[in-house]
file upload-v4.cif (mmCIF, C-alpha atoms)
data_coords
loop_
_atom_site.group_PDB
_atom_site.id
_atom_site.type_symbol
_atom_site.label_atom_id
_atom_site.label_comp_id
_atom_site.auth_asym_id
_atom_site.auth_seq_id
_atom_site.Cartn_x
_atom_site.Cartn_y
_atom_site.Cartn_z
ATOM 1 C CA MET A 13 94.524 97.687 154.136
ATOM 2 C CA PRO A 14 96.804 99.812 151.909
ATOM 3 C CA ARG A 15 98.986 96.755 151.395
ATOM 4 C CA ARG A 16 96.062 94.745 150.132
ATOM 5 C CA ALA A 17 95.115 97.571 147.818
ATOM 6 C CA TRP A 18 98.619 97.474 146.356
ATOM 7 C CA VAL A 19 98.368 93.748 145.702
ATOM 8 C CA VAL A 20 95.002 94.177 144.013
ATOM 9 C CA ALA A 21 96.322 97.057 141.907
ATOM 10 C CA GLY A 22 99.393 95.043 140.924
ATOM 11 C CA ALA A 23 97.327 92.044 139.925
ATOM 12 C CA THR A 24 94.995 94.245 137.896
ATOM 13 C CA VAL A 25 97.920 95.752 136.018
ATOM 14 C CA LEU A 26 99.333 92.290 135.302
ATOM 15 C CA VAL A 27 96.017 91.039 133.969
ATOM 16 C CA ALA A 28 95.674 94.153 131.831
ATOM 17 C CA LEU A 29 99.197 93.659 130.426
ATOM 18 C CA ARG A 30 98.331 90.096 129.530
ATOM 19 C CA ALA A 31 95.322 91.348 127.594
ATOM 20 C CA LEU A 32 97.565 93.840 125.793
ATOM 21 C CA ALA A 33 99.972 91.116 124.686
ATOM 22 C CA LEU A 34 99.962 90.615 120.955
ATOM 23 C CA ASP A 35 99.727 86.910 120.918
ATOM 24 C CA THR A 36 97.768 85.229 123.660
ATOM 25 C CA SER A 37 97.348 81.889 121.931
ATOM 26 C CA VAL A 38 98.246 78.814 123.931
ATOM 27 C CA LEU A 39 98.495 75.436 122.268
ATOM 28 C CA PRO A 40 97.180 72.421 124.173
ATOM 29 C CA ASP A 41 100.550 70.674 124.370
ATOM 30 C CA PRO A 42 103.489 72.473 126.082
ATOM 31 C CA ALA A 43 105.960 70.986 123.579
ATOM 32 C CA LEU A 44 103.877 72.312 120.684
ATOM 33 C CA GLN A 45 103.597 75.670 122.414
ATOM 34 C CA ALA A 46 107.402 75.834 122.745
ATOM 35 C CA ARG A 47 107.821 75.058 119.033
ATOM 36 C CA TYR A 48 105.131 77.633 118.212
ATOM 37 C CA VAL A 49 106.953 80.338 120.183
ATOM 38 C CA ALA A 50 110.305 79.432 118.603
ATOM 39 C CA LEU A 51 108.916 79.365 115.043
ATOM 40 C CA THR A 52 106.976 82.615 115.288
ATOM 41 C CA HIS A 53 110.142 84.303 116.555
ATOM 42 C CA GLU A 54 112.224 83.188 113.598
ATOM 43 C CA LEU A 55 109.774 84.140 110.852
ATOM 44 C CA ARG A 56 109.961 87.673 109.546
ATOM 45 C CA CYS A 57 106.953 89.957 109.362
ATOM 46 C CA MET A 58 107.017 90.856 105.667
ATOM 47 C CA GLN A 59 105.282 94.188 106.231
ATOM 48 C CA CYS A 60 107.556 95.517 108.949
ATOM 49 C CA GLN A 61 110.605 93.461 107.941
ATOM 50 C CA ASN A 62 112.659 93.956 111.087
ATOM 51 C CA GLU A 63 110.156 92.343 113.406
ATOM 52 C CA SER A 64 109.241 88.719 113.775
ATOM 53 C CA ILE A 65 105.623 87.660 113.268
ATOM 54 C CA ALA A 66 105.505 87.041 117.020
ATOM 55 C CA ASP A 67 106.225 90.712 117.763
ATOM 56 C CA SER A 68 104.284 92.405 115.005
ATOM 57 C CA PRO A 69 100.812 93.851 115.499
ATOM 58 C CA VAL A 70 99.889 93.890 111.785
ATOM 59 C CA ASP A 71 97.106 91.740 110.372
ATOM 60 C CA LEU A 72 99.323 89.712 108.090
ATOM 61 C CA ALA A 73 101.528 88.639 111.015
ATOM 62 C CA ALA A 74 98.419 87.436 112.845
ATOM 63 C CA ASP A 75 97.384 85.460 109.752
ATOM 64 C CA LEU A 76 100.821 83.872 109.516
ATOM 65 C CA ARG A 77 100.795 83.001 113.236
ATOM 66 C CA GLN A 78 97.446 81.339 112.609
ATOM 67 C CA GLN A 79 99.054 79.309 109.812
ATOM 68 C CA VAL A 80 101.900 78.208 112.104
ATOM 69 C CA ARG A 81 99.399 77.215 114.800
ATOM 70 C CA GLU A 82 97.232 75.179 112.421
ATOM 71 C CA GLN A 83 100.142 73.454 110.760
ATOM 72 C CA LEU A 84 101.670 72.512 114.119
ATOM 73 C CA LEU A 85 98.336 71.082 115.231
ATOM 74 C CA ALA A 86 98.154 69.185 111.934
ATOM 75 C CA GLY A 87 101.436 67.520 112.838
ATOM 76 C CA LYS A 88 103.775 69.345 110.426
ATOM 77 C CA SER A 89 107.469 69.473 111.303
ATOM 78 C CA ASP A 90 109.296 72.780 111.906
ATOM 79 C CA GLU A 91 111.188 72.346 108.655
ATOM 80 C CA GLU A 92 107.984 71.695 106.706
ATOM 81 C CA ILE A 93 106.494 74.911 108.081
ATOM 82 C CA ARG A 94 109.648 76.898 107.238
ATOM 83 C CA SER A 95 109.619 75.521 103.686
ATOM 84 C CA TRP A 96 105.929 76.314 103.341
ATOM 85 C CA MET A 97 106.614 79.937 104.313
ATOM 86 C CA ALA A 98 109.713 80.239 102.122
ATOM 87 C CA ALA A 99 107.822 78.855 99.098
ATOM 88 C CA ARG A 100 105.410 81.777 99.374
ATOM 89 C CA TYR A 101 107.512 84.652 100.651
ATOM 90 C CA GLY A 102 111.041 83.588 99.721
ATOM 91 C CA GLU A 103 114.020 82.816 101.938
ATOM 92 C CA PHE A 104 113.767 86.396 103.184
ATOM 93 C CA ILE A 105 111.023 85.359 105.585
ATOM 94 C CA LEU A 106 113.484 83.155 107.481
ATOM 95 C CA PHE A 107 115.511 85.132 110.012
ATOM 96 C CA ARG A 108 117.955 82.217 110.105
ATOM 97 C CA PRO A 109 119.041 81.580 106.517
ATOM 98 C CA ARG A 110 119.401 77.957 105.476
ATOM 99 C CA TYR A 111 122.606 76.377 104.176
ATOM 100 C CA SER A 112 122.650 76.141 100.416
ATOM 101 C CA TRP A 113 125.184 76.204 97.590
ATOM 102 C CA ARG A 114 124.168 79.754 96.796
ATOM 103 C CA ASN A 115 125.267 81.074 100.177
ATOM 104 C CA ALA A 116 128.015 78.514 100.827
ATOM 105 C CA TRP A 117 130.711 81.139 100.214
ATOM 106 C CA LEU A 118 129.192 83.273 102.971
ATOM 107 C CA TRP A 119 129.358 80.444 105.498
ATOM 108 C CA GLY A 120 132.812 79.410 104.300
ATOM 109 C CA ALA A 121 134.343 82.913 104.196
ATOM 110 C CA PRO A 122 135.289 83.154 107.925
ATOM 111 C CA ALA A 123 137.097 79.788 107.810
ATOM 112 C CA ALA A 124 138.883 80.772 104.590
ATOM 113 C CA LEU A 125 139.926 84.111 106.126
ATOM 114 C CA LEU A 126 141.208 82.326 109.241
ATOM 115 C CA VAL A 127 143.380 80.002 107.122
ATOM 116 C CA LEU A 128 144.632 82.966 105.093
ATOM 117 C CA GLY A 129 145.493 84.883 108.272
ATOM 118 C CA ALA A 130 147.334 81.882 109.722
ATOM 119 C CA LEU A 131 149.363 81.508 106.526
ATOM 120 C CA ILE A 132 150.291 85.194 106.510
ATOM 121 C CA SER A 133 151.325 85.243 110.170
ATOM 122 C CA TRP A 134 153.325 82.016 109.700
ATOM 123 C CA ARG A 135 155.226 83.648 106.813
ATOM 124 C CA VAL A 136 155.826 86.854 108.776
ATOM 125 C CA VAL A 137 157.112 84.936 111.797
ATOM 126 C CA ARG A 138 159.409 82.854 109.616
ATOM 127 C CA GLN A 139 160.853 85.944 107.915
ATOM 128 C CA ARG A 140 161.454 87.710 111.218
ATOM 129 C CA THR A 141 163.093 84.623 112.709
ATOM 130 C CA ALA A 142 165.412 84.467 109.700
ATOM 131 C CA LEU A 143 166.289 88.172 110.269
ATOM 132 C CA LEU A 144 167.018 87.494 113.924
ATOM 133 C CA ALA A 145 169.352 84.633 113.030
ATOM 134 C CA GLU A 146 171.108 86.891 110.512
ATOM 135 C CA ASP A 147 171.525 89.530 113.238
ATOM 136 C CA GLN A 148 173.281 87.143 115.517
ATOM 137 C CA GLU A 149 175.735 86.007 112.895
ATOM 138 C CA PRO A 150 179.110 87.715 113.356
ATOM 139 C CA LEU A 151 179.799 90.398 110.751
ATOM 140 C CA GLU A 152 182.416 89.656 108.121
ATOM 141 C CA GLU A 153 184.695 92.434 109.357
ATOM 142 C CA ASP A 154 184.579 90.923 112.808
ATOM 143 C CA SER A 155 185.734 87.557 111.610
ATOM 144 C CA ALA A 156 188.329 89.135 109.336
ATOM 145 C CA SER A 157 190.052 90.963 112.168
ATOM 146 C CA MET B 19 156.033 98.418 96.633
ATOM 147 C CA ASN B 20 155.212 94.822 97.431
ATOM 148 C CA ARG B 21 154.033 95.903 100.873
ATOM 149 C CA PHE B 22 151.102 97.777 99.352
ATOM 150 C CA LEU B 23 150.091 95.128 96.844
ATOM 151 C CA VAL B 24 148.297 92.840 99.298
ATOM 152 C CA PRO B 25 146.223 95.581 101.036
ATOM 153 C CA LEU B 26 145.442 97.069 97.631
ATOM 154 C CA GLY B 27 144.300 93.683 96.354
ATOM 155 C CA LEU B 28 142.120 93.187 99.420
ATOM 156 C CA PHE B 29 140.652 96.665 98.993
ATOM 157 C CA VAL B 30 139.762 96.021 95.345
ATOM 158 C CA LEU B 31 138.196 92.673 96.285
ATOM 159 C CA LEU B 32 136.114 94.309 99.018
ATOM 160 C CA ALA B 33 135.050 97.106 96.640
ATOM 161 C CA VAL B 34 133.904 94.537 94.069
ATOM 162 C CA VAL B 35 131.934 92.541 96.672
ATOM 163 C CA LEU B 36 130.239 95.683 98.029
ATOM 164 C CA GLY B 37 129.601 96.889 94.480
ATOM 165 C CA ILE B 38 127.757 93.663 93.675
ATOM 166 C CA GLY B 39 125.815 94.047 96.916
ATOM 167 C CA ILE B 40 124.693 97.565 96.068
ATOM 168 C CA ARG B 41 123.744 96.598 92.520
ATOM 169 C CA HIS B 42 121.607 93.707 93.718
ATOM 170 C CA ALA B 43 120.082 95.525 96.687
ATOM 171 C CA PRO B 44 116.311 95.191 96.620
ATOM 172 C CA GLU B 45 114.894 98.527 95.553
ATOM 173 C CA LYS B 46 113.094 100.251 98.397
ATOM 174 C CA GLY B 47 112.657 97.028 100.331
ATOM 175 C CA ILE B 48 110.785 95.262 97.545
ATOM 176 C CA ILE B 49 111.232 91.525 97.864
ATOM 177 C CA ALA B 50 111.486 89.342 94.776
ATOM 178 C CA SER B 51 108.664 86.831 94.674
ATOM 179 C CA PRO B 52 109.666 83.160 94.753
ATOM 180 C CA LEU B 53 106.544 82.585 92.640
ATOM 181 C CA LEU B 54 108.081 84.012 89.468
ATOM 182 C CA GLY B 55 108.366 81.311 86.810
ATOM 183 C CA LYS B 56 106.211 78.971 88.872
ATOM 184 C CA PRO B 57 102.576 77.893 88.401
ATOM 185 C CA ALA B 58 100.112 80.369 89.880
ATOM 186 C CA PRO B 59 98.705 79.216 93.234
ATOM 187 C CA GLU B 60 95.337 77.546 92.919
ATOM 188 C CA PHE B 61 92.265 78.983 94.534
ATOM 189 C CA ALA B 62 88.512 78.567 94.700
ATOM 190 C CA LEU B 63 86.933 81.738 96.049
ATOM 191 C CA PRO B 64 83.485 83.334 95.956
ATOM 192 C CA ALA B 65 82.811 86.080 93.443
ATOM 193 C CA LEU B 66 82.080 89.522 94.882
ATOM 194 C CA ALA B 67 79.179 90.104 92.479
ATOM 195 C CA ASP B 68 77.554 86.764 93.348
ATOM 196 C CA PRO B 69 78.792 85.048 96.520
ATOM 197 C CA THR B 70 77.074 81.783 95.533
ATOM 198 C CA ARG B 71 79.391 81.511 92.530
ATOM 199 C CA THR B 72 82.841 80.017 93.127
ATOM 200 C CA VAL B 73 85.641 81.165 90.873
ATOM 201 C CA ARG B 74 88.406 78.601 90.391
ATOM 202 C CA SER B 75 91.912 79.338 89.204
ATOM 203 C CA GLN B 76 91.560 76.655 86.496
ATOM 204 C CA GLU B 77 88.804 78.715 84.824
ATOM 205 C CA LEU B 78 91.362 81.417 84.127
ATOM 206 C CA ARG B 79 93.712 79.132 82.196
ATOM 207 C CA GLY B 80 94.320 79.656 78.508
ATOM 208 C CA ARG B 81 94.699 83.418 78.460
ATOM 209 C CA TRP B 82 96.712 86.177 80.033
ATOM 210 C CA TYR B 83 95.345 87.844 83.133
ATOM 211 C CA LEU B 84 96.420 90.339 85.771
ATOM 212 C CA LEU B 85 95.602 89.464 89.353
ATOM 213 C CA ASN B 86 95.291 92.687 91.301
ATOM 214 C CA VAL B 87 95.213 92.504 95.106
ATOM 215 C CA TRP B 88 93.269 95.359 96.662
ATOM 216 C CA GLY B 89 91.030 96.375 99.535
ATOM 217 C CA THR B 90 88.890 99.368 100.421
ATOM 218 C CA TRP B 91 91.105 99.917 103.493
ATOM 219 C CA CYS B 92 94.102 100.476 101.238
ATOM 220 C CA ALA B 93 94.835 104.117 100.406
ATOM 221 C CA GLU B 94 97.347 103.293 97.705
ATOM 222 C CA CYS B 95 94.657 101.236 95.937
ATOM 223 C CA ARG B 96 92.532 104.344 95.546
ATOM 224 C CA ALA B 97 95.488 106.101 93.961
ATOM 225 C CA GLU B 98 95.980 103.144 91.641
ATOM 226 C CA HIS B 99 92.365 102.936 90.542
ATOM 227 C CA ALA B 100 92.576 105.354 87.605
ATOM 228 C CA MET B 101 95.440 103.329 86.156
ATOM 229 C CA LEU B 102 93.398 100.124 86.471
ATOM 230 C CA LEU B 103 90.534 101.762 84.593
ATOM 231 C CA ARG B 104 92.971 102.649 81.788
ATOM 232 C CA VAL B 105 94.155 99.021 81.705
ATOM 233 C CA LYS B 106 90.552 97.929 81.309
ATOM 234 C CA GLN B 107 90.029 100.465 78.547
ATOM 235 C CA ALA B 108 93.086 99.171 76.673
ATOM 236 C CA GLY B 109 91.272 95.826 76.562
ATOM 237 C CA LEU B 110 94.477 93.815 76.146
ATOM 238 C CA VAL B 111 94.512 91.824 79.346
ATOM 239 C CA PRO B 112 91.663 91.183 81.786
ATOM 240 C CA LEU B 113 91.996 92.283 85.402
ATOM 241 C CA ILE B 114 90.984 89.839 88.093
ATOM 242 C CA GLY B 115 90.533 91.578 91.430
ATOM 243 C CA LEU B 116 91.379 89.860 94.697
ATOM 244 C CA ASP B 117 89.495 91.702 97.407
ATOM 245 C CA TRP B 118 91.786 91.098 100.386
ATOM 246 C CA LYS B 119 90.392 90.955 103.939
ATOM 247 C CA ASP B 120 87.705 93.429 103.165
ATOM 248 C CA ASP B 121 84.080 94.180 103.850
ATOM 249 C CA GLU B 122 82.106 93.011 100.809
ATOM 250 C CA GLN B 123 79.547 95.812 101.005
ATOM 251 C CA GLN B 124 82.235 98.459 101.140
ATOM 252 C CA ALA B 125 83.966 96.766 98.216
ATOM 253 C CA GLN B 126 80.742 96.862 96.170
ATOM 254 C CA ALA B 127 80.267 100.525 97.054
ATOM 255 C CA TRP B 128 83.881 101.311 96.080
ATOM 256 C CA LEU B 129 83.392 99.742 92.634
ATOM 257 C CA SER B 130 80.084 101.441 91.916
ATOM 258 C CA GLN B 131 81.530 104.756 93.046
ATOM 259 C CA LEU B 132 84.936 104.679 91.342
ATOM 260 C CA GLY B 133 84.097 102.404 88.401
ATOM 261 C CA ASN B 134 84.813 98.702 88.042
ATOM 262 C CA PRO B 135 88.006 97.868 86.147
ATOM 263 C CA TYR B 136 87.766 94.148 86.901
ATOM 264 C CA GLU B 137 86.401 91.330 84.784
ATOM 265 C CA THR B 138 85.823 89.389 87.989
ATOM 266 C CA VAL B 139 86.435 90.201 91.629
ATOM 267 C CA ILE B 140 87.038 87.328 94.021
ATOM 268 C CA VAL B 141 86.740 87.662 97.772
ATOM 269 C CA ASP B 142 89.476 86.514 100.134
ATOM 270 C CA ARG B 143 87.977 87.300 103.479
ATOM 271 C CA SER B 144 90.347 85.202 105.605
ATOM 272 C CA GLY B 145 93.483 86.250 103.726
ATOM 273 C CA ARG B 146 94.521 82.658 103.043
ATOM 274 C CA ALA B 147 94.644 82.941 99.261
ATOM 275 C CA ALA B 148 96.735 86.101 99.589
ATOM 276 C CA ILE B 149 99.258 84.182 101.705
ATOM 277 C CA ASP B 150 99.459 81.503 98.994
ATOM 278 C CA TRP B 151 100.346 84.271 96.549
ATOM 279 C CA GLY B 152 102.959 85.668 98.922
ATOM 280 C CA VAL B 153 101.132 88.979 99.229
ATOM 281 C CA TYR B 154 102.491 91.250 101.961
ATOM 282 C CA GLY B 155 100.939 94.604 101.174
ATOM 283 C CA ALA B 156 98.239 95.885 98.858
ATOM 284 C CA PRO B 157 98.216 96.804 96.078
ATOM 285 C CA GLU B 158 100.132 94.021 94.384
ATOM 286 C CA THR B 159 99.682 92.890 90.799
ATOM 287 C CA PHE B 160 100.650 89.564 89.234
ATOM 288 C CA LEU B 161 100.823 88.830 85.523
ATOM 289 C CA VAL B 162 99.865 85.226 84.748
ATOM 290 C CA SER B 163 100.499 83.605 81.361
ATOM 291 C CA PRO B 164 98.003 81.430 79.424
ATOM 292 C CA ALA B 165 99.918 78.386 80.722
ATOM 293 C CA GLY B 166 99.110 79.536 84.244
ATOM 294 C CA VAL B 167 102.641 80.649 85.142
ATOM 295 C CA VAL B 168 103.355 83.793 87.164
ATOM 296 C CA VAL B 169 105.675 85.785 84.918
ATOM 297 C CA TYR B 170 105.780 89.160 86.642
ATOM 298 C CA LYS B 171 104.907 90.771 89.956
ATOM 299 C CA HIS B 172 104.525 94.455 90.738
ATOM 300 C CA VAL B 173 104.401 95.693 94.319
ATOM 301 C CA GLY B 174 102.671 99.017 94.949
ATOM 302 C CA ALA B 175 100.373 101.024 92.718
ATOM 303 C CA LEU B 176 100.532 100.008 89.074
ATOM 304 C CA THR B 177 102.158 102.711 86.958
ATOM 305 C CA GLU B 178 102.126 103.614 83.258
ATOM 306 C CA ASP B 179 105.814 102.792 83.239
ATOM 307 C CA THR B 180 105.368 99.249 84.556
ATOM 308 C CA TRP B 181 102.489 98.740 82.180
ATOM 309 C CA ALA B 182 104.468 99.862 79.133
ATOM 310 C CA ARG B 183 107.766 98.263 80.095
ATOM 311 C CA GLU B 184 106.900 95.040 81.872
ATOM 312 C CA ILE B 185 103.321 94.018 81.185
ATOM 313 C CA LEU B 186 102.478 95.044 77.628
ATOM 314 C CA PRO B 187 105.608 93.526 75.990
ATOM 315 C CA ARG B 188 104.968 90.199 77.725
ATOM 316 C CA VAL B 189 101.292 90.050 76.762
ATOM 317 C CA GLN B 190 102.212 90.888 73.167
ATOM 318 C CA GLY B 191 104.890 88.208 73.142
ATOM 319 C CA ASN B 192 107.877 90.553 72.846
ATOM 320 C CA LYS B 193 109.380 89.737 76.200
ATOM 321 C CA SER B 194 109.534 86.606 78.274
#
call {"tool": "encode", "arguments": {"input": "upload-v4.cif", "output": "structure tokens"}}
result
Amino acid sequence: MPRRAWVVAGATVLVALRALALDTSVLPDPALQARYVALTHELRCMQCQNESIADSPVDLAADLRQQVREQLLAGKSDEEIRSWMAARYGEFILFRPRYSWRNAWLWGAPAALLVLGALISWRVVRQRTALLAEDQEPLEEDSAS
Amino acid sequence: MNRFLVPLGLFVLLAVVLGIGIRHAPEKGIIASPLLGKPAPEFALPALADPTRTVRSQELRGRWYLLNVWGTWCAECRAEHAMLLRVKQAGLVPLIGLDWKDDEQQAQAWLSQLGNPYETVIVDRSGRAAIDWGVYGAPETFLVSPAGVVVYKHVGALTEDTWAREILPRVQGNKS
């Protein structure tokens, strides 16, 4: 009997947690649902700024989730939905910034630094090797004697 | 000597990059609107005073107006109200109120209690129009030109300073 009580209690807690979840919406198609979950996790809640609209309890986040849901059901692509959001709230709403000429230097900087580092280490190695070779050459006094 | 030149150069470069970053940092988390310089979003929403009347964005063309997003649930809007009444009194640019996700009766009561600074109040119950305007927190105020272009956005309660520095000069044609 106590064991059964535990199971019932556990199930009750689980059901209650589900009710507490922010976003209980389920789209009819599992593929759409997966895209919905992915999109709502990569759009910023503009009010709380460090949360995604999937995690935020504020009204505006709920409204934006509603937009994502409706646009997915209307057959919009992920990129169309991202652009729609960015046109209203700016690129800031996208947690994953898009490639553009304006931020090209940011994406290119690590590669440029890597090349720079390789060049510097190549020069250092070459200089040291030259020093080593010099070291092994017999001194002039030695050869004179 | 030469040994220090490269690190020094790198340090100066880093200082310049960080300096630019600090200078361009958004002040207090305020996000620049992508709407600036673009046509104002279109809308067709019921008027608060008469829900059977639909106000369309096209009707507002041909003159300057301020679109002020507010709601009775918004504490900052109450603080802003006196400033809005002064804007109305100045009579230089009409205020269009966007009552955002609000209870219409409470909104009516708010206006009869505190005074109505708006020429027209439109009701956005679902919050869809506000999303089109990129609104993320009330109060927000947009200045729209006679050509229907959003030329300025203010986030937070409207202040005398913003009015004198950003809004008035544009309405009077002294600033673009």
call {"tool": "closest_residue", "arguments": {"input": "upload-v4.cif", "among": "A:Arg16, A:Arg77, A:Arg100, A:Lys88", "to": "chain B", "atoms": "all atoms listed in the file"}}
result
A:Arg100
call {"tool": "interface_residues", "arguments": {"input": "upload-v4.cif", "of": "chain A", "to": "chain B", "cutoff": "6 Å", "atoms": "all atoms listed in the file", "output": "JSON list (two decimals) with C-alpha atoms, in the frame of the given file"}}
result
[["chain", "number", "residue", "atom", "x", "y", "z"],
["A", 58, "MET", "CA", 107.02, 90.86, 105.67],
["A", 59, "GLN", "CA", 105.28, 94.19, 106.23],
["A", 100, "ARG", "CA", 105.41, 81.78, 99.37],
["A", 101, "TYR", "CA", 107.51, 84.65, 100.65],
["A", 102, "GLY", "CA", 111.04, 83.59, 99.72]]
call {"tool": "residues_near_point", "arguments": {"input": "upload-v4.cif", "point": "(101.5, 81.4, 75.8)", "cutoff": "9 Å", "atoms": "all atoms listed in the file", "output": "NGL selection string"}}
result
:B and (80-82 or 163-166 or 189 or 191)
call {"tool": "write_last_selection", "arguments": {"input": "upload-v4.cif", "atoms": "C-alpha atoms", "output": "CSV table (one decimal), in the frame of the given file"}}
result
chain,number,residue,atom,x,y,z
B,80,GLY,CA,94.3,79.7,78.5
B,81,ARG,CA,94.7,83.4,78.5
B,82,TRP,CA,96.7,86.2,80.0
B,163,SER,CA,100.5,83.6,81.4
B,164,PRO,CA,98.0,81.4,79.4
B,165,ALA,CA,99.9,78.4,80.7
B,166,GLY,CA,99.1,79.5,84.2
B,189,VAL,CA,101.3,90.0,76.8
B,191,GLY,CA,104.9,88.2,73.1
call {"tool": "atom_distance", "arguments": {"input": "upload-v4.cif", "atom1": "atom CA of Leu23 of chain B", "atom2": "atom CA of Leu131 of chain A"}}
result
16.7 Å
call {"tool": "resolve_selection", "arguments": {"input": "upload-v4.cif", "expression": "the PyMOL selection byres ((chain B and resi 101) around 10)", "output": "PyMOL selection string"}}
result
chain B and resi 96-100+102-107+135+175-178+181
call {"tool": "atom_distance", "arguments": {"input": "upload-v4.cif", "atom1": "atom CA of Glu63 of chain A", "atom2": "atom CA of Glu92 of chain A"}}
result
21.8 Å
call {"tool": "resolve_selection", "arguments": {"input": "upload-v4.cif", "expression": "the PyMOL selection byres ((chain B and resi 141) around 10)", "output": "PyMOL selection string"}}
result
chain B and resi 62-67+69+72-73+89+115-122+125+138-140+142-145+147
call {"tool": "atom_distance", "arguments": {"input": "upload-v4.cif", "atom1": "atom CA of Pro109 of chain A", "atom2": "atom CA of Gln45 of chain A"}}
result
22.9 Å
